Amino acid sequence: MEDSERVLRRDKAVRAAVEQGLLGPDAPIVGLLDVTGIRGSAAALHRAFEAVAAPGTRMLHAFAVKANPLVPVVRLLAGEGIGAEVASAGELALARAAGVPVERTVFDAPAKTEAELREALALGVAVNADNPQELRRIDALTGSAETRSPLGIRVNPQIGAGSIGATSTATATSKFGVGLRDEGAREWVVRAFAERPWLTRLHAHIGSQGISLSLLARGVAETYALAEEINARIGRRQIDTLDIGGGLSVNLASEATEPTYAQYARLLAEAVPGLFDGRYGLVTEFGRSLLARHGTVVARVEYAKSSGGRRIAVTHAGVQVAARTVYVPGAWPLRIAGYDDKGRPKEGPAVVQDVAGPACFSGDLLAEGRALPALEQGDHAAALDTGAYYFGTHYSYNSLARPGVYGFAPDGAGGVAFAVVREPQTVAEIVADSGGAHADALTTLGAPGSR
Ligand SMILES: *Cc1c(COP(=O)(O)O)cnc(C)c1O
């Protein structure tokens, strides 16, 4: 029901984007965001965890900003009661620009600089230390100044990988957190807490896309068990909050929402009942599952051609908006929907074709050998489920411009209203971002009189 309504909203938005000229010969690619859908996912997340947690359980759902680092998106979510998980000075600044309160912001990153840590502690943002050296830096900083920041340690339960190596973070040799099964590591974590009464959180993020619900739940169970052990050994409830990360996969093969937040929350409640009995505050950090479904890249077919007997639709969406899919197509396939020149769903018999991007390398394909109604010049190809980790995360290969991003919602009169989320990048901006102000920097370097 919700899934089919989402498809109807998307079809209507593509049509309206063409009619309203957001998409056309001079704007051959856009990113569209379904505001209704984003709100719906935020509400589903709240409902799922409220349904299993004891009344009054402290809960913060923080959006993993890297999944869609656009200020209006983060603000929309903030308005729906969602905080921010940030992993760089840039993401922290975006969250602040979006108005996310510091007490609803969590700073996790594997390579936090001393300056970044100092800023986070001065603001009072929650910080999870990744490793012993980082904890010593925090020691030095908190030793010299008071902070309101809740502080924790990120651990890696080392329970293994999901189906995609690059997004599995709980492998034996993952670069994230303190590997609990390494010799002496568990003892080190217990001592780290015992020696620092101000350390009150334990954090684990098991991975992202391709991690099964049961693997996610095992990771949470191990984290919970460690917190219980630490509190028992210290003799008081020093760890008062568990940050269980994000990582719920999105079914990229069809429109069906599966797994759901409700399924995950129920599984956690079965597998780790103590998690929800109110003794621990909870933090989650979902990214993909909040946004992926609600974004669509729509690109014009500039040319339709054939080569070696293969039909090829040459579009404006390729590696710049879908780097993962283009470089690792086996792990990150995208569904493609065809629309005609007026933005109506493309009908007709399915024909095997490549949907190619604009970049100058032959692997720049959104889809290879895909059976779709034949895409013709002036039609549109839509890359579905690209609201997380795709068009928000531009890759400037071939100096291809960042496409404009528009949010859409019903206009109250049966039509579709759009709002600019990010302006399309101009050619002048590309030059400026590419050292345009320093054109002579290298030719005059070291020349007499240049110092
Ligand atoms: C990327 C990341 C997330 C979000 O993962 P999703 O799969 O998008 O839900 C959460 N926490 C941390 C620490 C991350 O690195």
# chains A, B, ... in the order shown; residues from 1 in each chain; ligands from 1
call {"tool": "residues_near_ligand", "arguments": {"ligand": "ligand 1", "cutoff": "7 Å", "atoms": "only C-alpha atoms and all ligand atoms", "output": "MDAnalysis selection string"}}
result
chainID A and resid 64 66:67 85 108 205 207:209 245:249 285:289
call {"tool": "residues_around", "arguments": {"residues": "Leu268 in chain A", "least_positions_apart": "2", "cutoff": "9 Å", "atoms": "only C-alpha atoms", "output": "MDAnalysis selection string"}}
result
chainID A and resid 52 214 216:218 220:221 263:266 270:273 275:276
call {"tool": "write_last_selection", "arguments": {"atoms": "all heavy atoms", "output": "CSV table (one decimal), in the first residue's frame"}}
result
chain,number,residue,atom,x,y,z
A,52,VAL,N,8.4,-1.2,21.1
A,52,VAL,CA,9.1,-2.3,21.8
A,52,VAL,C,9.8,-1.8,23.1
A,52,VAL,O,10.3,-2.6,23.9
A,52,VAL,CB,10.1,-3.0,21.0
A,52,VAL,CG1,9.4,-3.8,19.8
A,52,VAL,CG2,11.2,-2.1,20.4
A,214,SER,N,19.7,-10.7,11.2
A,214,SER,CA,20.2,-11.5,12.4
A,214,SER,C,21.6,-11.1,12.7
A,214,SER,O,22.0,-11.1,13.9
A,214,SER,CB,20.1,-13.0,12.0
A,214,SER,OG,20.8,-13.3,10.9
A,216,LEU,N,22.9,-8.1,12.3
A,216,LEU,CA,22.8,-6.8,13.0
A,216,LEU,C,22.4,-7.1,14.5
A,216,LEU,O,23.0,-6.5,15.4
A,216,LEU,CB,21.7,-6.0,12.4
A,216,LEU,CG,22.0,-5.2,11.1
A,216,LEU,CD1,20.7,-4.5,10.7
A,216,LEU,CD2,23.1,-4.2,11.3
A,217,ALA,N,21.4,-8.0,14.7
A,217,ALA,CA,21.0,-8.2,16.1
A,217,ALA,C,22.1,-8.9,16.9
A,217,ALA,O,22.2,-8.6,18.1
A,217,ALA,CB,19.7,-9.1,16.0
A,218,ARG,N,22.9,-9.7,16.3
A,218,ARG,CA,24.0,-10.3,17.0
A,218,ARG,C,25.0,-9.3,17.5
A,218,ARG,O,25.5,-9.3,18.6
A,218,ARG,CB,24.7,-11.4,16.2
A,218,ARG,CG,24.3,-12.8,16.5
A,218,ARG,CD,25.1,-13.8,15.7
A,218,ARG,NE,26.5,-13.8,16.0
A,218,ARG,CZ,27.5,-14.3,15.2
A,218,ARG,NH1,27.1,-14.7,14.0
A,218,ARG,NH2,28.7,-14.3,15.6
A,220,VAL,N,24.4,-6.2,18.1
A,220,VAL,CA,23.8,-5.4,19.2
A,220,VAL,C,23.8,-6.2,20.5
A,220,VAL,O,24.1,-5.7,21.5
A,220,VAL,CB,22.3,-5.0,18.8
A,220,VAL,CG1,21.7,-4.3,20.0
A,220,VAL,CG2,22.3,-4.0,17.6
A,221,ALA,N,23.5,-7.5,20.3
A,221,ALA,CA,23.5,-8.4,21.5
A,221,ALA,C,24.9,-8.4,22.2
A,221,ALA,O,25.0,-8.3,23.4
A,221,ALA,CB,23.1,-9.8,21.1
A,263,GLN,N,10.2,-4.8,11.9
A,263,GLN,CA,10.8,-6.1,12.0
A,263,GLN,C,12.1,-6.1,12.8
A,263,GLN,O,12.3,-7.0,13.6
A,263,GLN,CB,11.0,-6.7,10.6
A,263,GLN,CG,9.8,-7.1,9.9
A,263,GLN,CD,10.0,-7.3,8.4
A,263,GLN,OE1,11.0,-6.9,7.8
A,263,GLN,NE2,9.1,-8.1,7.7
A,264,TYR,N,12.9,-5.1,12.5
A,264,TYR,CA,14.2,-5.1,13.2
A,264,TYR,C,14.0,-4.8,14.7
A,264,TYR,O,14.6,-5.5,15.5
A,264,TYR,CB,15.0,-4.0,12.5
A,264,TYR,CG,16.4,-3.8,13.1
A,264,TYR,CD1,17.2,-4.9,13.5
A,264,TYR,CD2,17.0,-2.5,13.2
A,264,TYR,CE1,18.5,-4.7,14.0
A,264,TYR,CE2,18.3,-2.4,13.7
A,264,TYR,CZ,19.0,-3.5,14.1
A,264,TYR,OH,20.3,-3.3,14.6
A,265,ALA,N,13.1,-3.9,15.0
A,265,ALA,CA,12.9,-3.6,16.4
A,265,ALA,C,12.4,-4.8,17.1
A,265,ALA,O,12.8,-5.1,18.3
A,265,ALA,CB,12.0,-2.3,16.6
A,266,ARG,N,11.4,-5.5,16.5
A,266,ARG,CA,10.9,-6.7,17.2
A,266,ARG,C,11.9,-7.8,17.4
A,266,ARG,O,12.0,-8.4,18.4
A,266,ARG,CB,9.7,-7.2,16.4
A,266,ARG,CG,8.4,-6.4,16.6
A,266,ARG,CD,7.2,-7.2,16.1
A,266,ARG,NE,7.2,-7.5,14.7
A,266,ARG,CZ,6.6,-6.7,13.8
A,266,ARG,NH1,6.0,-5.6,14.2
A,266,ARG,NH2,6.7,-7.0,12.5
A,270,GLU,N,13.3,-9.4,20.9
A,270,GLU,CA,13.3,-10.8,21.2
A,270,GLU,C,14.7,-11.2,21.6
A,270,GLU,O,15.0,-12.0,22.5
A,270,GLU,CB,13.0,-11.6,20.0
A,270,GLU,CG,11.5,-11.9,19.8
A,270,GLU,CD,11.2,-12.4,18.3
A,270,GLU,OE1,12.1,-13.2,17.8
A,270,GLU,OE2,10.3,-11.9,17.8
A,271,ALA,N,15.7,-10.8,20.8
A,271,ALA,CA,17.1,-11.3,20.9
A,271,ALA,C,17.8,-10.6,22.1
A,271,ALA,O,18.6,-11.2,22.8
A,271,ALA,CB,17.9,-11.0,19.7
A,272,VAL,N,17.4,-9.4,22.4
A,272,VAL,CA,18.1,-8.6,23.5
A,272,VAL,C,17.1,-7.9,24.3
A,272,VAL,O,17.0,-6.6,24.3
A,272,VAL,CB,19.1,-7.6,22.9
A,272,VAL,CG1,20.2,-7.2,23.9
A,272,VAL,CG2,19.7,-8.0,21.6
A,273,PRO,N,16.3,-8.6,25.1
A,273,PRO,CA,15.2,-7.9,25.8
A,273,PRO,C,15.6,-6.8,26.7
A,273,PRO,O,14.9,-5.8,26.8
A,273,PRO,CB,14.5,-9.1,26.5
A,273,PRO,CG,15.2,-10.3,26.2
A,273,PRO,CD,16.3,-10.0,25.3
A,275,LEU,N,17.7,-4.6,26.4
A,275,LEU,CA,18.0,-3.4,25.7
A,275,LEU,C,16.8,-2.4,25.8
A,275,LEU,O,17.1,-1.2,25.8
A,275,LEU,CB,18.2,-3.7,24.2
A,275,LEU,CG,18.7,-2.7,23.2
A,275,LEU,CD1,20.1,-2.2,23.6
A,275,LEU,CD2,18.7,-3.2,21.8
A,276,PHE,N,15.6,-2.9,25.9
A,276,PHE,CA,14.4,-2.0,25.9
A,276,PHE,C,13.7,-1.9,27.2
A,276,PHE,O,12.6,-1.4,27.2
A,276,PHE,CB,13.5,-2.5,24.8
A,276,PHE,CG,14.0,-2.5,23.4
A,276,PHE,CD1,14.3,-3.6,22.7
A,276,PHE,CD2,14.2,-1.2,22.8
A,276,PHE,CE1,14.8,-3.5,21.4
A,276,PHE,CE2,14.7,-1.1,21.5
A,276,PHE,CZ,15.0,-2.3,20.8
call {"tool": "residues_around", "arguments": {"residues": "Ala317 in chain A", "least_positions_apart": "2", "cutoff": "8 Å", "atoms": "only C-alpha atoms", "output": "short mmCIF file (atom, residue, chain, number, x, y, z; two decimals) with N, CA and C atoms, in the first residue's frame"}}
result
data_model
loop_
_atom_site.label_atom_id
_atom_site.label_comp_id
_atom_site.auth_asym_id
_atom_site.auth_seq_id
_atom_site.Cartn_x
_atom_site.Cartn_y
_atom_site.Cartn_z
N ILE A 29 19.51 16.46 -16.22
CA ILE A 29 19.54 15.53 -15.09
C ILE A 29 19.11 16.27 -13.82
N VAL A 297 17.06 9.74 -9.39
CA VAL A 297 17.79 10.53 -10.40
C VAL A 297 17.04 10.35 -11.71
N VAL A 298 16.69 11.45 -12.34
CA VAL A 298 16.04 11.35 -13.65
C VAL A 298 16.93 12.04 -14.68
N ALA A 299 17.25 11.31 -15.73
CA ALA A 299 18.17 11.85 -16.74
C ALA A 299 17.57 11.70 -18.13
N THR A 315 22.64 8.55 -21.60
CA THR A 315 21.92 9.49 -20.74
C THR A 315 22.90 10.42 -20.02
N VAL A 319 28.56 7.95 -13.66
CA VAL A 319 29.42 7.80 -12.49
C VAL A 319 29.35 9.00 -11.55
N GLN A 320 29.00 10.19 -12.09
CA GLN A 320 29.01 11.38 -11.20
C GLN A 320 27.92 11.31 -10.14
N VAL A 321 26.84 10.60 -10.42
CA VAL A 321 25.75 10.47 -9.44
C VAL A 321 25.63 9.06 -8.87
N ALA A 322 26.34 8.12 -9.43
CA ALA A 322 26.17 6.72 -9.03
C ALA A 322 27.50 5.99 -9.06
N ALA A 356 23.61 4.09 -20.41
CA ALA A 356 24.97 4.61 -20.24
C ALA A 356 24.93 6.01 -19.67
N GLY A 357 26.03 6.38 -19.01
CA GLY A 357 26.19 7.73 -18.49
C GLY A 357 27.01 8.59 -19.43
N PRO A 358 27.27 9.84 -19.03
CA PRO A 358 27.95 10.79 -19.91
C PRO A 358 29.48 10.77 -19.80
N LEU A 366 24.90 2.84 -16.05
CA LEU A 366 23.99 2.69 -14.90
C LEU A 366 23.43 1.28 -14.86
#
call {"tool": "closest_residue", "arguments": {"among": "A:Ala253, A:Lys305, A:Gln353, A:Gly318", "to": "Pro333 in chain A", "atoms": "only C-alpha atoms"}}
result
A:Ala253
call {"tool": "closest_residue", "arguments": {"among": "A:Gly162, A:Trp198, A:Ala185, A:Leu267", "to": "Glu146 in chain A", "atoms": "only C-alpha atoms"}}
result
A:Trp198
call {"tool": "atom_distance", "arguments": {"atom1": "CA of Asp385 in chain A", "atom2": "CA of Ala359 in chain A"}}
result
21.4 Å
call {"tool": "select_by_dssp", "arguments": {"residues": "range 23-270 of chain A", "states": "helix (DSSP H, G or I)", "output": "PyMOL selection string"}}
result
chain A and resi 35-52+65-67+71-79+89-97+102-104+114-123+132-144+165-167+185-194+213-234+261-270
call {"tool": "atom_distance", "arguments": {"atom1": "CA of Leu180 in chain A", "atom2": "CA of Leu199 in chain A"}}
result
17.4 Å
call {"tool": "select_by_dssp", "arguments": {"residues": "range 79-312 of chain A", "states": "strand (DSSP E)", "output": "PyMOL selection string"}}
result
chain A and resi 83-86+105-107+126-129+151-156+178-179+199-203+241-243+281-284+295-307+310-312
